[in-house]
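Data block below; observations after.
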There are 4 protein chains.
Amino acid sequence: MKPLSSKAEARIHAQRRRILLAAQQCFIEYGFHGASMASIAETAGMSAGLIYRYFESKNAIILAIVRQQLEMLRGDLSLNRKVDLAAEIAAHYGTANAQREHGMNAALLLEISAEATRDPAVAAALDEFDDTLRTGLIDWLSRPTGSGGQGLPATLAPRRALILQCLVEGLKVRETREPDLDRTLLATALHEVVPLLLAAPRK
Amino acid sequence: MKPLSSKAEARIHAQRRRILLAAQQCFIEYGFHGASMASIAETAGMSAGLIYRYFESKNAIILAIVRQQLEMLRGDLSLNRKVDLAAEIAAHYGTANAQREHGMNAALLLEISAEATRDPAVAAALDEFDDTLRTGLIDWLSRPTGSGGQGLPATLAPRRALILQCLVEGLKVRETREPDLDRTLLATALHEVVPLLLAAPRK
Amino acid sequence: MKPLSSKAEARIHAQRRRILLAAQQCFIEYGFHGASMASIAETAGMSAGLIYRYFESKNAIILAIVRQQLEMLRGDLSLNRKVDLAAEIAAHYGTANAQREHGMNAALLLEISAEATRDPAVAAALDEFDDTLRTGLIDWLSRPTGSGGQGLPATLAPRRALILQCLVEGLKVRETREPDLDRTLLATALHEVVPLLLAAPRK
Amino acid sequence: MKPLSSKAEARIHAQRRRILLAAQQCFIEYGFHGASMASIAETAGMSAGLIYRYFESKNAIILAIVRQQLEMLRGDLSLNRKVDLAAEIAAHYGTANAQREHGMNAALLLEISAEATRDPAVAAALDEFDDTLRTGLIDWLSRPTGSGGQGLPATLAPRRALILQCLVEGLKVRETREPDLDRTLLATALHEVVPLLLAAPRK
DNA sequence: TATGAATGAGCATTCATTCAT
DNA sequence: TATGAATGAATGCTCATTCAT
């Protein structure tokens with residue numbers, strides 16, 4: 001085995017990206033099981049056989065897509081800085097990102113969630129994502145306001161994190177059902193409600 | 001065409017239920033497309049051919065399951081009376097109802113939502129469900145407290161209904177991911193937060 | 001085994017006729033293989049299972065239909081009396097006899113002919129029919145004019161019989177293709193040509 | 001879509017021919033509906049799945065066979081030159097061409113005719129064939145003898161064309177029933193009769 | 001590296017036939 | 001006698017995967 005030249009490595013990487021991009025489009029349109037390898041190959045502009053040089057199986061592609069999408073979602077919701085959470089969430093709703101190469105697609109999230117109930121590898125990836133997101137949320141909620149957090153008491157933070165997580169996921173589901181939902185309504189609602197969730201209850 | 005005897009009708013009904021029950025199990029375990037007619041037949045304890053005496057196609061079974069599940073969910077969330085919404089929601093979480101014949105199954109809801117992005121008939125059923133649920137919620141929120149409602153102003157009710165709907169759906173998604181989630185944590189969180197969502201903002 | 005009362009026998013006969021009539025309609029509409037036992041049963045207004053009390057199998061029904069149709073055709077072309085053959089043939093063309101209970105149906109003849117190339121029993125029935133028809137034709141052609149024949153020399157008769165048989169069969173085929181063929185054209189053509197085929201060549 | 005290399009095109013063509021040849025054999029032996037894709041695949045020496053790379057469906061194969069056979073028949077009966085029609089027709093009878101790759105097969109013609117009563121695409125192909133054949137015949141009959149025609153009056157030609165067409169078709173049917181018919185008898189009969197059909201009636 | 005021809009297992013669906021009632 | 005529920009084998013077709021080129 002020759003060591004791979006960095007040029008060769010770059011090519012491999014590029015091909016994998018090409019395949020994943022095509023797969024993403026197909027999965028969004030037809031679902032994981034409705035999309036055929038042939039359709040992915042055609043979308044990627046390559047032969048079906050070639051895909052198997054870069055991915056072991058269709059399942060491996062699904063898993064790669066899952067990981068990629070979760071990584072994106074993690075990036076989207078980075079809570080390192082002081083954020084207007086309501087605005088962030090509202091901004092992410094329905095920005096037709098099926099075509100864009102980046103940005104978690106709502107339909108894909110459904111597909112992934114459904115697949116996780118069957119494929120243990122997908123479930124594991126989703127679990128890990130859930131954990132880091134929850135931990136991140138709890139940390140952000142409980143960190144002092146001065147450090148860019150919300151200053152919630154340690155007992156309160158996990159509860160609010162759970163609620164926020166559900167709300168965000170619920171919004172993703174809603175996105176697939178009402179892509180044309182009134183954005184102003186949504187933004188208003190979120191700006192009303194999110195602050196309530198981020199604040200400690202008044203005595 | 002002879003009129004069916006009530007006995008024959010009962011048998012037909014029973015068989016359809018047997019098939020739907022088996023289909024539900026298979027769909028939960030393998031998904032709509034992963035479950036084969038053969039697996040459904042085996043689960044139902046009958047031959048594959050017989051199923052077609054009671055359902056026109058696999059798609060018809062899927063649609064029947066979809067409608068059945070949505071009907072259940074509608075029943076679960078009936079808002080006709082004065083309810084402790086937080087308690088209701090919490091109580092519905094994760095009561096392992098895959099085996100039970102009734103009760104909306106969280107995994108199925110995912111499957112249904114994913115399928116709705118492709119199958120127009122499923123989408124229509126889901127849309128109708130969404131509409132009645134939303135309308136019901138808005139009505140309940142805006143009705144005066146005396147009539148079993150929450151007495152929210154008419155402008156506020158739609159926004160809170162949207163948020164509540166997302167929260168509930170998000171919880172259903174979460175149920176598939178964390179079936180063993182700490183119920184006390186969830187109940188506490190909901191009892192803290194739901195009242196905030198049901199109340200008009202203080203001046 | 002009790003001997004059958006003549007009443008029971010009559011019932012059996014009636015049931016068989018009912019089935020055959022229904023089968024004929026279905027076979028004309030869908031072909032021998034396209035017609036299902038269920039469709040025949042429905043057309044006959046009885047259950048599928050009951051048919052098997054009167055016929056051993058679908059193939060037996062086909063064979064019975066074949067025999068029945070050939071018997072009809074034999075009757076249609078009876079050459080016992082002095083006939084105007086051209087007029088006879090022309091008269092039989094396209095008289096929408098699909099609905100009528102009697103009269104050989106052109107589509108069925110095709111179906112039968114095709115089936116004969118595969119089913120030996122059908123082939124045998126058809127062979128026997130062919131033989132009697134040919135023999136009848138030859139006899140009629142060679143019988144003296146005084147006895148209702150055509151008075152053709154014995155060497156000539158078989159050749160003319162062959163041609164006539166082909167012509168008649170060809171007309172049956174044409175009937176399925178051009179059910180709306182101009183009858184006057186056909187009648188004129190036949191009246192021109194048939195006499196030529198029935199006459200001895202001039203010196 | 002890359003343009004196909006001529007080599008690839010040739011392969012595709014060869015495979016299609018292989019499939020059609022196999023299908024023809026199976027259709028002759030079992031009929032359009034009796035022949036299974038599996039039997040065709042086995043006869044062609046390939047897997048059933050592969051056939052679908054070259055034909056969209058079984059129906060497409062049937063239609064291709066229909067068109068091919070009609071094209072052959074059209075070629076067989078080309079009337080461009082001065083022909084001895086009786087000899088031509090006689091020569092075509094029963095030359096066991098089931099095995100040969102070319103030459104209209106009589107059994108297939110029956111199958112096609114029967115299928116035309118149900119499948120509109122087959123009916124259309126057959127109609128078109130009928131039309132061109134009839135037109136060709138009429139033209140040939142009415143063209144002056146000097147131009148290779150038969151010089152029949154314009155009013156007479158259509159009638160004789162109809163009769164000739166029926167006779168030829170009837171002979172094809174007979175071919176399936178009496179493959180061993182005495183050829184001399186047939187040739188003699190045709191040579192006696194065809195000239196009568198091609199001549200204007202004597203005053 | 002890249003192709004796409006080829007496979008074979010699997011799928012939904014149909015249907016002649018049987019049999020308990 | 002009559003029903004129609006039930007079976008099981010077969011059918012047309014799809015698709016992930018392999019492999020000769």
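Naming works like this for the structure tokens: A, B, ... for the chains as they're shown, residue 1 at the start of each chain, ligands 1 onward in shown order.
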
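All chain B residues having an atom within 12 Å of chain F, based on only C-alpha atoms (C1' of nucleotides), amount to Lys2, Leu4, Ala8, Arg11, Ile12, Gln15, Gly45, Met46, Ser47, Ala48, Gly49, Leu50, Ile51, Tyr52, Arg53 and Tyr54 of chain B.
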
Filtering to all heavy atoms, could you give me those residues as a compact mmCIF listing (two decimals), in the first residue's frame?
```txt
# COMPACT_ATOMS: atom_id res chain seq x y z
N LYS B 2 -76.02 -9.26 -2.26
CA LYS B 2 -76.84 -9.52 -1.08
C LYS B 2 -76.43 -8.55 0.02
O LYS B 2 -75.26 -8.21 0.11
CB LYS B 2 -76.54 -10.94 -0.60
CG LYS B 2 -77.77 -11.82 -0.49
CD LYS B 2 -77.42 -13.10 0.18
CE LYS B 2 -76.86 -14.11 -0.81
NZ LYS B 2 -76.95 -15.49 -0.29
N LEU B 4 -75.14 -7.72 3.57
CA LEU B 4 -74.33 -8.54 4.46
C LEU B 4 -75.07 -8.79 5.77
O LEU B 4 -75.70 -7.89 6.33
CB LEU B 4 -73.01 -7.82 4.76
CG LEU B 4 -72.07 -7.71 3.57
CD1 LEU B 4 -70.89 -6.83 3.93
CD2 LEU B 4 -71.62 -9.07 3.12
N ALA B 8 -71.57 -11.48 9.32
CA ALA B 8 -70.51 -11.34 8.31
C ALA B 8 -69.82 -10.00 8.46
O ALA B 8 -68.59 -9.90 8.38
CB ALA B 8 -71.10 -11.50 6.92
N ARG B 11 -67.45 -10.08 11.24
CA ARG B 11 -66.23 -10.81 10.89
C ARG B 11 -65.29 -9.93 10.07
O ARG B 11 -64.09 -9.87 10.32
CB ARG B 11 -66.60 -12.06 10.08
CG ARG B 11 -65.37 -12.75 9.51
CD ARG B 11 -65.62 -14.20 9.13
NE ARG B 11 -64.36 -14.92 9.06
CZ ARG B 11 -63.75 -15.42 10.10
NH1 ARG B 11 -64.28 -15.29 11.30
NH2 ARG B 11 -62.59 -16.03 9.96
N ILE B 12 -65.86 -9.25 9.09
CA ILE B 12 -65.06 -8.36 8.26
C ILE B 12 -64.37 -7.32 9.13
O ILE B 12 -63.17 -7.07 9.01
CB ILE B 12 -65.95 -7.67 7.21
CG1 ILE B 12 -66.35 -8.69 6.13
CG2 ILE B 12 -65.24 -6.50 6.58
CD1 ILE B 12 -67.29 -8.13 5.08
N GLN B 15 -61.57 -8.91 11.12
CA GLN B 15 -60.40 -9.20 10.30
C GLN B 15 -59.61 -7.92 9.98
O GLN B 15 -58.38 -7.91 10.03
CB GLN B 15 -60.83 -9.87 8.98
CG GLN B 15 -61.33 -11.28 9.15
CD GLN B 15 -60.21 -12.27 9.39
OE1 GLN B 15 -59.49 -12.19 10.37
NE2 GLN B 15 -60.05 -13.20 8.48
N GLY B 45 -51.14 -13.67 11.41
CA GLY B 45 -51.49 -15.09 11.40
C GLY B 45 -52.39 -15.48 10.26
O GLY B 45 -53.29 -16.31 10.40
N MET B 46 -52.15 -14.90 9.11
CA MET B 46 -52.95 -15.26 7.93
C MET B 46 -52.06 -15.23 6.69
O MET B 46 -50.91 -14.84 6.76
CB MET B 46 -54.14 -14.31 7.77
CG MET B 46 -53.77 -12.86 7.59
SD MET B 46 -55.19 -11.78 7.27
CE MET B 46 -56.09 -11.86 8.79
N SER B 47 -52.63 -15.65 5.59
CA SER B 47 -51.84 -15.64 4.36
C SER B 47 -51.82 -14.22 3.77
O SER B 47 -52.73 -13.43 4.01
CB SER B 47 -52.44 -16.59 3.34
OG SER B 47 -53.62 -16.06 2.82
N ALA B 48 -50.80 -13.96 3.01
CA ALA B 48 -50.65 -12.62 2.43
C ALA B 48 -51.83 -12.30 1.50
O ALA B 48 -52.34 -11.19 1.50
CB ALA B 48 -49.33 -12.53 1.67
N GLY B 49 -52.24 -13.30 0.76
CA GLY B 49 -53.33 -13.07 -0.19
C GLY B 49 -54.61 -12.62 0.49
O GLY B 49 -55.36 -11.79 -0.04
N LEU B 50 -54.86 -13.15 1.66
CA LEU B 50 -56.11 -12.85 2.35
C LEU B 50 -56.25 -11.38 2.69
O LEU B 50 -57.36 -10.83 2.70
CB LEU B 50 -56.23 -13.70 3.61
CG LEU B 50 -57.57 -13.62 4.34
CD1 LEU B 50 -58.71 -13.93 3.40
CD2 LEU B 50 -57.57 -14.56 5.53
N ILE B 51 -55.12 -10.77 2.97
CA ILE B 51 -55.17 -9.34 3.33
C ILE B 51 -55.87 -8.53 2.25
O ILE B 51 -56.61 -7.60 2.55
CB ILE B 51 -53.74 -8.81 3.55
CG1 ILE B 51 -53.12 -9.49 4.78
CG2 ILE B 51 -53.75 -7.30 3.74
CD1 ILE B 51 -51.73 -9.01 5.11
N TYR B 52 -55.68 -8.95 1.02
CA TYR B 52 -56.25 -8.19 -0.10
C TYR B 52 -57.76 -8.34 -0.21
O TYR B 52 -58.40 -7.70 -1.03
CB TYR B 52 -55.55 -8.57 -1.40
CG TYR B 52 -54.17 -8.00 -1.44
CD1 TYR B 52 -53.10 -8.67 -0.85
CD2 TYR B 52 -53.92 -6.77 -2.02
CE1 TYR B 52 -51.83 -8.14 -0.85
CE2 TYR B 52 -52.66 -6.23 -2.03
CZ TYR B 52 -51.61 -6.91 -1.44
OH TYR B 52 -50.36 -6.36 -1.44
N ARG B 53 -58.33 -9.23 0.57
CA ARG B 53 -59.78 -9.28 0.61
C ARG B 53 -60.32 -8.14 1.48
O ARG B 53 -61.47 -7.73 1.34
CB ARG B 53 -60.24 -10.64 1.16
CG ARG B 53 -61.74 -10.82 1.21
CD ARG B 53 -62.09 -12.24 1.61
NE ARG B 53 -61.86 -13.15 0.51
CZ ARG B 53 -62.78 -13.43 -0.41
NH1 ARG B 53 -63.97 -12.88 -0.35
NH2 ARG B 53 -62.49 -14.27 -1.38
N TYR B 54 -59.45 -7.64 2.34
CA TYR B 54 -59.92 -6.63 3.29
C TYR B 54 -59.33 -5.24 3.03
O TYR B 54 -59.88 -4.24 3.47
CB TYR B 54 -59.60 -7.09 4.71
CG TYR B 54 -60.28 -8.39 5.04
CD1 TYR B 54 -59.59 -9.60 4.98
CD2 TYR B 54 -61.63 -8.41 5.33
CE1 TYR B 54 -60.23 -10.80 5.23
CE2 TYR B 54 -62.28 -9.61 5.58
CZ TYR B 54 -61.58 -10.80 5.53
OH TYR B 54 -62.22 -11.98 5.76
```

Which residues are close to Cys166 (chain D), i.e. within 6 Å by only C-alpha atoms (C1' of nucleotides), leaving aside same-chain residues fewer than 3 positions away? Reply as a PyMOL selection string.
(chain C and resi 167+170-171) or (chain D and resi 163+169-170)

For the interface of chain D with chain C (cut-off 8 Å, counting only C-alpha atoms), please tabulate each contacting residue of chain D alongside its nearest pair of atoms and their separation in Å to one decimal, rows sorted by chain and increasing number, as CSV.
```
residue,atom,partner,partner_atom,distance
D:Glu29,CA,C:Arg118,CA,6.9
D:Tyr30,CA,C:Arg118,CA,6.6
D:Gly31,CA,C:Ala114,CA,7.7
D:His33,CA,C:His33,CA,6.9
D:Gly34,CA,C:His33,CA,7.8
D:Ala107,CA,C:Ala114,CA,6.7
D:Leu110,CA,C:Ala114,CA,5.6
D:Glu111,CA,C:Ala114,CA,5.8
D:Ser113,CA,C:Leu110,CA,7.1
D:Ala114,CA,C:Leu110,CA,5.6
D:Thr117,CA,C:Thr176,CA,7.1
D:Arg118,CA,C:Tyr30,CA,6.9
D:Asp127,CA,C:Arg177,CA,7.4
D:Arg159,CA,C:Ala189,CA,4.9
D:Arg160,CA,C:Ala189,CA,6.7
D:Leu162,CA,C:Leu186,CA,7.8
D:Ile163,CA,C:Ala189,CA,7.1
D:Gln165,CA,C:Gly170,CA,7.7
D:Cys166,CA,C:Gly170,CA,4.2
D:Leu167,CA,C:Leu167,CA,4.6
D:Val168,CA,C:Gly170,CA,7.2
D:Glu169,CA,C:Gly170,CA,5.0
D:Gly170,CA,C:Gly170,CA,3.7
D:Leu171,CA,C:Cys166,CA,5.5
D:Val173,CA,C:Glu169,CA,7.5
D:Arg174,CA,C:Cys166,CA,6.8
D:Thr176,CA,C:Thr117,CA,7.0
D:Arg177,CA,C:Asp127,CA,7.3
D:Leu185,CA,C:Arg159,CA,6.5
D:Leu186,CA,C:Arg159,CA,7.0
D:Thr188,CA,C:Arg159,CA,7.5
D:Ala189,CA,C:Arg159,CA,4.9
D:Leu190,CA,C:Ile163,CA,7.7
D:Val193,CA,C:Leu197,CA,7.0
D:Leu196,CA,C:Leu196,CA,7.1
D:Leu197,CA,C:Val193,CA,7.0
```

What are the closest atom pairs, with distances in Å to one decimal, for each residue of chain E lying within 10 Å of chain B, using only C-alpha atoms (C1' of nucleotides), rows by chain and rising residue number, as CSV?
```
residue,atom,partner,partner_atom,distance
E:DG10,C1',B:Ser36,CA,9.5
E:DC11,C1',B:Ser36,CA,7.4
E:DA12,C1',B:Met37,CA,7.2
E:DT13,C1',B:Gly49,CA,8.0
E:DT14,C1',B:Gly49,CA,8.2
E:DC15,C1',B:Gly49,CA,9.4
```

Between CA of Glu42 (chain C) and CA of Arg16 (chain B) lies a distance of 23.4 Å

Residue list (alpha helix (DSSP H), DSSP) for region 18-166 of chain A, as a PyMOL selection string:
chain A and resi 18-30+37-44+48-54+58-76+85-92+106-116+120-142+157-166

One number please: CA of Ile19 (chain C) to C1' of DT17 (chain E), in Å, one decimal.
16.8 Å

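In this structure, CA of Ala60 (chain A) sits 12.5 Å away from CA of Pro120 (chain A).
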
Which polymer residues have any atom within 9 Å of an atom of Leu70 (chain A), counting only C-alpha atoms (C1' of nucleotides), with same-chain residues fewer than 5 positions away left out, as a JSON list (two decimals) with all heavy atoms, in the first residue's frame?
```json
[["chain", "number", "residue", "atom", "x", "y", "z"],
["A", 65, "ILE", "N", -24.85, 10.79, 5.97],
["A", 65, "ILE", "CA", -25.77, 11.93, 5.87],
["A", 65, "ILE", "C", -26.28, 12.31, 7.25],
["A", 65, "ILE", "O", -26.33, 13.49, 7.62],
["A", 65, "ILE", "CB", -26.96, 11.56, 4.95],
["A", 65, "ILE", "CG1", -26.51, 11.48, 3.50],
["A", 65, "ILE", "CG2", -28.11, 12.53, 5.12],
["A", 65, "ILE", "CD1", -26.39, 12.81, 2.82],
["A", 75, "GLY", "N", -23.87, 23.07, 14.68],
["A", 75, "GLY", "CA", -23.27, 24.36, 14.34],
["A", 75, "GLY", "C", -24.29, 25.49, 14.37],
["A", 75, "GLY", "O", -24.04, 26.57, 14.90],
["A", 104, "MET", "N", -29.63, 22.29, 8.19],
["A", 104, "MET", "CA", -30.39, 21.06, 8.43],
["A", 104, "MET", "C", -31.74, 21.16, 7.73],
["A", 104, "MET", "O", -32.44, 22.14, 7.85],
["A", 104, "MET", "CB", -30.55, 20.91, 9.94],
["A", 104, "MET", "CG", -31.74, 20.08, 10.38],
["A", 104, "MET", "SD", -31.67, 18.38, 9.75],
["A", 104, "MET", "CE", -30.60, 17.62, 10.97],
["A", 109, "LEU", "N", -34.63, 15.62, 8.92],
["A", 109, "LEU", "CA", -34.65, 15.35, 10.36],
["A", 109, "LEU", "C", -35.72, 14.31, 10.70],
["A", 109, "LEU", "O", -35.49, 13.41, 11.51],
["A", 109, "LEU", "CB", -34.91, 16.64, 11.14],
["A", 109, "LEU", "CG", -34.84, 16.47, 12.66],
["A", 109, "LEU", "CD1", -33.48, 15.92, 13.09],
["A", 109, "LEU", "CD2", -35.10, 17.79, 13.38],
["A", 125, "ALA", "N", -25.87, 7.86, 16.79],
["A", 125, "ALA", "CA", -25.46, 9.20, 16.36],
["A", 125, "ALA", "C", -26.44, 10.24, 16.90],
["A", 125, "ALA", "O", -26.03, 11.32, 17.37],
["A", 125, "ALA", "CB", -25.41, 9.26, 14.84],
["A", 126, "LEU", "N", -27.70, 9.92, 16.84],
["A", 126, "LEU", "CA", -28.72, 10.86, 17.29],
["A", 126, "LEU", "C", -28.64, 11.05, 18.81],
["A", 126, "LEU", "O", -28.77, 12.17, 19.32],
["A", 126, "LEU", "CB", -30.09, 10.33, 16.89],
["A", 126, "LEU", "CG", -31.23, 11.35, 16.72],
["A", 126, "LEU", "CD1", -30.76, 12.57, 15.97],
["A", 126, "LEU", "CD2", -32.39, 10.68, 16.02],
["A", 129, "PHE", "N", -25.78, 13.28, 19.63],
["A", 129, "PHE", "CA", -26.17, 14.65, 19.31],
["A", 129, "PHE", "C", -27.08, 15.22, 20.39],
["A", 129, "PHE", "O", -26.87, 16.33, 20.88],
["A", 129, "PHE", "CB", -26.88, 14.67, 17.96],
["A", 129, "PHE", "CG", -27.54, 15.98, 17.67],
["A", 129, "PHE", "CD1", -26.79, 17.07, 17.26],
["A", 129, "PHE", "CD2", -28.91, 16.13, 17.82],
["A", 129, "PHE", "CE1", -27.41, 18.30, 17.00],
["A", 129, "PHE", "CE2", -29.53, 17.34, 17.57],
["A", 129, "PHE", "CZ", -28.78, 18.42, 17.16]]
```
